[in-house]
Amino acid sequence: MKLFLLYRLREGVTPERYREWSRTRDQPTLKGCEGIAEYRVFTVEDPDGKSPYTVVEHVEVSDWETWKRVTSSGPMVAIGEDFQELVDTGSVITLRGEEID
């Protein structure tokens with residue numbers, strides 16, 4: 001199952017601070033979790049400045065129940081606490097996607 005998470009950073013959190021955390025803590029931890037086949041993080045920019053999102057995550061996970069379990073237990077608990085500090089959690093949207101083939 002493919003998930004796409006879109007969100008923006010909290011006011012005052014620099015893109016550099018977020019990138020460092022993503023590279024050193026978030027990505028290595030989530031990629032090591034059972035049931036996660038792929039995890040990629042992108043900074044995004046709307047050339048017209050209209051999008052409320054600054055980060056998009058692409059996750060390939062076995063199923064929704066696995067995603068909920070992984071993100072609420074084990075090493076991801078501390079990552080979630082970091083996430084709360086860095087991200088405007090009110091902006092987070094999670095979308096399930098299917099590739100058109």
# chains A, B, ... in the order shown; residues from 1 in each chain; ligands from 1
$ residues_around --residues "A:Leu9" --least-positions-apart "6" --cutoff "7 Å" --atoms "only C-alpha atoms" --output "list in words"
Thr54, Leu86, Val87 and Asp88 of chain A
$ residues_around --residues "A:Val44" --least-positions-apart "4" --cutoff "8 Å" --atoms "only C-alpha atoms" --output "ChimeraX atom specification"
/A:53-56
$ select_by_dssp --residues "chain A" --states "strand (DSSP E)" --output "PDB file with N, CA and C atoms, in the first residue's frame"
ATOM      1  N   LYS A   2       0.502   2.200  -0.809  1.00  0.00           N
ATOM      2  CA  LYS A   2       1.264   3.446  -0.878  1.00  0.00           C
ATOM      3  C   LYS A   2       0.543   4.518  -0.064  1.00  0.00           C
ATOM      4  N   LEU A   3       1.319   5.204   0.762  1.00  0.00           N
ATOM      5  CA  LEU A   3       0.810   6.336   1.524  1.00  0.00           C
ATOM      6  C   LEU A   3       1.583   7.582   1.129  1.00  0.00           C
ATOM      7  N   PHE A   4       0.887   8.696   1.123  1.00  0.00           N
ATOM      8  CA  PHE A   4       1.495   9.991   0.887  1.00  0.00           C
ATOM      9  C   PHE A   4       1.089  10.884   2.043  1.00  0.00           C
ATOM     10  N   LEU A   5       2.076  11.414   2.746  1.00  0.00           N
ATOM     11  CA  LEU A   5       1.821  12.324   3.859  1.00  0.00           C
ATOM     12  C   LEU A   5       2.282  13.707   3.441  1.00  0.00           C
ATOM     13  N   LEU A   6       1.435  14.688   3.610  1.00  0.00           N
ATOM     14  CA  LEU A   6       1.749  16.067   3.255  1.00  0.00           C
ATOM     15  C   LEU A   6       1.625  16.915   4.512  1.00  0.00           C
ATOM     16  N   TYR A   7       2.578  17.837   4.711  1.00  0.00           N
ATOM     17  CA  TYR A   7       2.526  18.716   5.869  1.00  0.00           C
ATOM     18  C   TYR A   7       3.497  19.869   5.705  1.00  0.00           C
ATOM     19  N   ILE A  36       7.721  -1.943   6.420  1.00  0.00           N
ATOM     20  CA  ILE A  36       7.980  -0.750   5.606  1.00  0.00           C
ATOM     21  C   ILE A  36       8.922  -1.148   4.471  1.00  0.00           C
ATOM     22  N   ALA A  37       8.419  -1.126   3.251  1.00  0.00           N
ATOM     23  CA  ALA A  37       9.224  -1.522   2.091  1.00  0.00           C
ATOM     24  C   ALA A  37       9.996  -0.347   1.508  1.00  0.00           C
ATOM     25  N   GLU A  38       9.425   0.857   1.633  1.00  0.00           N
ATOM     26  CA  GLU A  38      10.092   2.033   1.078  1.00  0.00           C
ATOM     27  C   GLU A  38       9.628   3.258   1.849  1.00  0.00           C
ATOM     28  N   TYR A  39      10.554   4.184   2.039  1.00  0.00           N
ATOM     29  CA  TYR A  39      10.231   5.441   2.708  1.00  0.00           C
ATOM     30  C   TYR A  39      11.101   6.528   2.108  1.00  0.00           C
ATOM     31  N   ARG A  40      10.448   7.514   1.504  1.00  0.00           N
ATOM     32  CA  ARG A  40      11.161   8.623   0.880  1.00  0.00           C
ATOM     33  C   ARG A  40      10.529   9.931   1.327  1.00  0.00           C
ATOM     34  N   VAL A  41      11.360  10.930   1.545  1.00  0.00           N
ATOM     35  CA  VAL A  41      10.898  12.228   2.023  1.00  0.00           C
ATOM     36  C   VAL A  41      11.357  13.305   1.043  1.00  0.00           C
ATOM     37  N   PHE A  42      10.447  14.206   0.706  1.00  0.00           N
ATOM     38  CA  PHE A  42      10.729  15.265  -0.254  1.00  0.00           C
ATOM     39  C   PHE A  42      10.340  16.621   0.332  1.00  0.00           C
ATOM     40  N   THR A  43      11.195  17.605   0.176  1.00  0.00           N
ATOM     41  CA  THR A  43      10.744  18.966   0.406  1.00  0.00           C
ATOM     42  C   THR A  43      10.089  19.417  -0.891  1.00  0.00           C
ATOM     43  N   VAL A  55       6.500  19.567   2.893  1.00  0.00           N
ATOM     44  CA  VAL A  55       7.110  18.239   2.902  1.00  0.00           C
ATOM     45  C   VAL A  55       6.084  17.220   2.418  1.00  0.00           C
ATOM     46  N   VAL A  56       6.555  16.274   1.611  1.00  0.00           N
ATOM     47  CA  VAL A  56       5.741  15.132   1.187  1.00  0.00           C
ATOM     48  C   VAL A  56       6.540  13.874   1.470  1.00  0.00           C
ATOM     49  N   GLU A  57       5.898  12.922   2.128  1.00  0.00           N
ATOM     50  CA  GLU A  57       6.515  11.622   2.376  1.00  0.00           C
ATOM     51  C   GLU A  57       5.809  10.580   1.514  1.00  0.00           C
ATOM     52  N   HIS A  58       6.588   9.669   0.960  1.00  0.00           N
ATOM     53  CA  HIS A  58       6.043   8.525   0.228  1.00  0.00           C
ATOM     54  C   HIS A  58       6.440   7.274   1.000  1.00  0.00           C
ATOM     55  N   VAL A  59       5.442   6.491   1.391  1.00  0.00           N
ATOM     56  CA  VAL A  59       5.683   5.289   2.183  1.00  0.00           C
ATOM     57  C   VAL A  59       5.064   4.105   1.470  1.00  0.00           C
ATOM     58  N   GLU A  60       5.824   3.037   1.343  1.00  0.00           N
ATOM     59  CA  GLU A  60       5.291   1.753   0.857  1.00  0.00           C
ATOM     60  C   GLU A  60       5.238   0.858   2.083  1.00  0.00           C
ATOM     61  N   VAL A  61       4.017   0.521   2.494  1.00  0.00           N
ATOM     62  CA  VAL A  61       3.808  -0.254   3.720  1.00  0.00           C
ATOM     63  C   VAL A  61       2.877  -1.419   3.394  1.00  0.00           C
ATOM     64  N   ILE A  93      -1.783  15.677   6.438  1.00  0.00           N
ATOM     65  CA  ILE A  93      -2.810  14.923   5.739  1.00  0.00           C
ATOM     66  C   ILE A  93      -2.166  13.630   5.239  1.00  0.00           C
ATOM     67  N   THR A  94      -2.863  12.529   5.415  1.00  0.00           N
ATOM     68  CA  THR A  94      -2.374  11.227   4.961  1.00  0.00           C
ATOM     69  C   THR A  94      -3.315  10.713   3.884  1.00  0.00           C
ATOM     70  N   LEU A  95      -2.737  10.366   2.733  1.00  0.00           N
ATOM     71  CA  LEU A  95      -3.513   9.869   1.601  1.00  0.00           C
ATOM     72  C   LEU A  95      -3.031   8.473   1.220  1.00  0.00           C
ATOM     73  N   ARG A  96      -3.967   7.594   0.954  1.00  0.00           N
ATOM     74  CA  ARG A  96      -3.612   6.281   0.414  1.00  0.00           C
ATOM     75  C   ARG A  96      -3.723   6.378  -1.101  1.00  0.00           C
ATOM     76  N   GLY A  97      -2.734   5.830  -1.799  1.00  0.00           N
ATOM     77  CA  GLY A  97      -2.743   5.925  -3.251  1.00  0.00           C
ATOM     78  C   GLY A  97      -2.559   4.587  -3.933  1.00  0.00           C
TER      79      GLY A  97
END
$ select_by_dssp --residues "chain A" --states "helix (DSSP H, G or I)" --output "JSON, numbers by chain"
{"A": [15, 16, 17, 18, 19, 20, 21, 22, 23, 24, 25, 26, 27, 28, 29, 30, 31, 64, 65, 66, 67, 68, 69, 70, 71, 76, 77, 78, 79, 80, 81, 82, 83, 84, 85, 86, 89, 90, 91]}
$ closest_residue --among "A:Glu34, A:Ser51, A:Ile79, A:Thr89" --to "A:Ser22" --atoms "only C-alpha atoms"
A:Ile79
$ closest_residue --among "A:Asp46, A:Glu11, A:Asp26, A:Glu16" --to "A:Pro75" --atoms "only C-alpha atoms"
A:Asp26
$ atom_distance --atom1 "atom CA of A:Glu45" --atom2 "atom CA of A:Thr71"
26.2 Å
$ decode --residues "stretch 54-69 of chain A" --atoms "N, CA and C atoms" --output "PDB file, in the first residue's frame"
ATOM      1  N   THR A  54       5.011  21.811   2.756  1.00  0.00           N
ATOM      2  CA  THR A  54       6.436  21.974   2.469  1.00  0.00           C
ATOM      3  C   THR A  54       7.172  20.641   2.446  1.00  0.00           C
ATOM      4  N   VAL A  55       6.500  19.567   2.893  1.00  0.00           N
ATOM      5  CA  VAL A  55       7.110  18.239   2.902  1.00  0.00           C
ATOM      6  C   VAL A  55       6.084  17.220   2.418  1.00  0.00           C
ATOM      7  N   VAL A  56       6.555  16.274   1.611  1.00  0.00           N
ATOM      8  CA  VAL A  56       5.741  15.132   1.187  1.00  0.00           C
ATOM      9  C   VAL A  56       6.540  13.874   1.470  1.00  0.00           C
ATOM     10  N   GLU A  57       5.898  12.922   2.128  1.00  0.00           N
ATOM     11  CA  GLU A  57       6.515  11.622   2.376  1.00  0.00           C
ATOM     12  C   GLU A  57       5.809  10.580   1.514  1.00  0.00           C
ATOM     13  N   HIS A  58       6.588   9.669   0.960  1.00  0.00           N
ATOM     14  CA  HIS A  58       6.043   8.525   0.228  1.00  0.00           C
ATOM     15  C   HIS A  58       6.440   7.274   1.000  1.00  0.00           C
ATOM     16  N   VAL A  59       5.442   6.491   1.391  1.00  0.00           N
ATOM     17  CA  VAL A  59       5.683   5.289   2.183  1.00  0.00           C
ATOM     18  C   VAL A  59       5.064   4.105   1.470  1.00  0.00           C
ATOM     19  N   GLU A  60       5.824   3.037   1.343  1.00  0.00           N
ATOM     20  CA  GLU A  60       5.291   1.753   0.857  1.00  0.00           C
ATOM     21  C   GLU A  60       5.238   0.858   2.083  1.00  0.00           C
ATOM     22  N   VAL A  61       4.017   0.521   2.494  1.00  0.00           N
ATOM     23  CA  VAL A  61       3.808  -0.254   3.720  1.00  0.00           C
ATOM     24  C   VAL A  61       2.877  -1.419   3.394  1.00  0.00           C
ATOM     25  N   SER A  62       3.018  -2.513   4.125  1.00  0.00           N
ATOM     26  CA  SER A  62       2.234  -3.703   3.806  1.00  0.00           C
ATOM     27  C   SER A  62       0.728  -3.459   3.918  1.00  0.00           C
ATOM     28  N   ASP A  63       0.272  -2.732   4.937  1.00  0.00           N
ATOM     29  CA  ASP A  63      -1.155  -2.424   5.077  1.00  0.00           C
ATOM     30  C   ASP A  63      -1.340  -1.341   6.129  1.00  0.00           C
ATOM     31  N   TRP A  64      -2.564  -0.848   6.238  1.00  0.00           N
ATOM     32  CA  TRP A  64      -2.863   0.251   7.147  1.00  0.00           C
ATOM     33  C   TRP A  64      -2.618  -0.126   8.603  1.00  0.00           C
ATOM     34  N   GLU A  65      -2.978  -1.322   8.985  1.00  0.00           N
ATOM     35  CA  GLU A  65      -2.771  -1.767  10.367  1.00  0.00           C
ATOM     36  C   GLU A  65      -1.287  -1.787  10.719  1.00  0.00           C
ATOM     37  N   THR A  66      -0.457  -2.197   9.784  1.00  0.00           N
ATOM     38  CA  THR A  66       0.993  -2.175  10.012  1.00  0.00           C
ATOM     39  C   THR A  66       1.467  -0.745  10.206  1.00  0.00           C
ATOM     40  N   TRP A  67       0.993   0.174   9.381  1.00  0.00           N
ATOM     41  CA  TRP A  67       1.381   1.580   9.506  1.00  0.00           C
ATOM     42  C   TRP A  67       1.017   2.113  10.889  1.00  0.00           C
ATOM     43  N   LYS A  68      -0.191   1.855  11.332  1.00  0.00           N
ATOM     44  CA  LYS A  68      -0.626   2.339  12.645  1.00  0.00           C
ATOM     45  C   LYS A  68       0.224   1.727  13.763  1.00  0.00           C
ATOM     46  N   ARG A  69       0.523   0.436  13.648  1.00  0.00           N
ATOM     47  CA  ARG A  69       1.333  -0.233  14.672  1.00  0.00           C
ATOM     48  C   ARG A  69       2.749   0.325  14.695  1.00  0.00           C
TER      49      ARG A  69
END
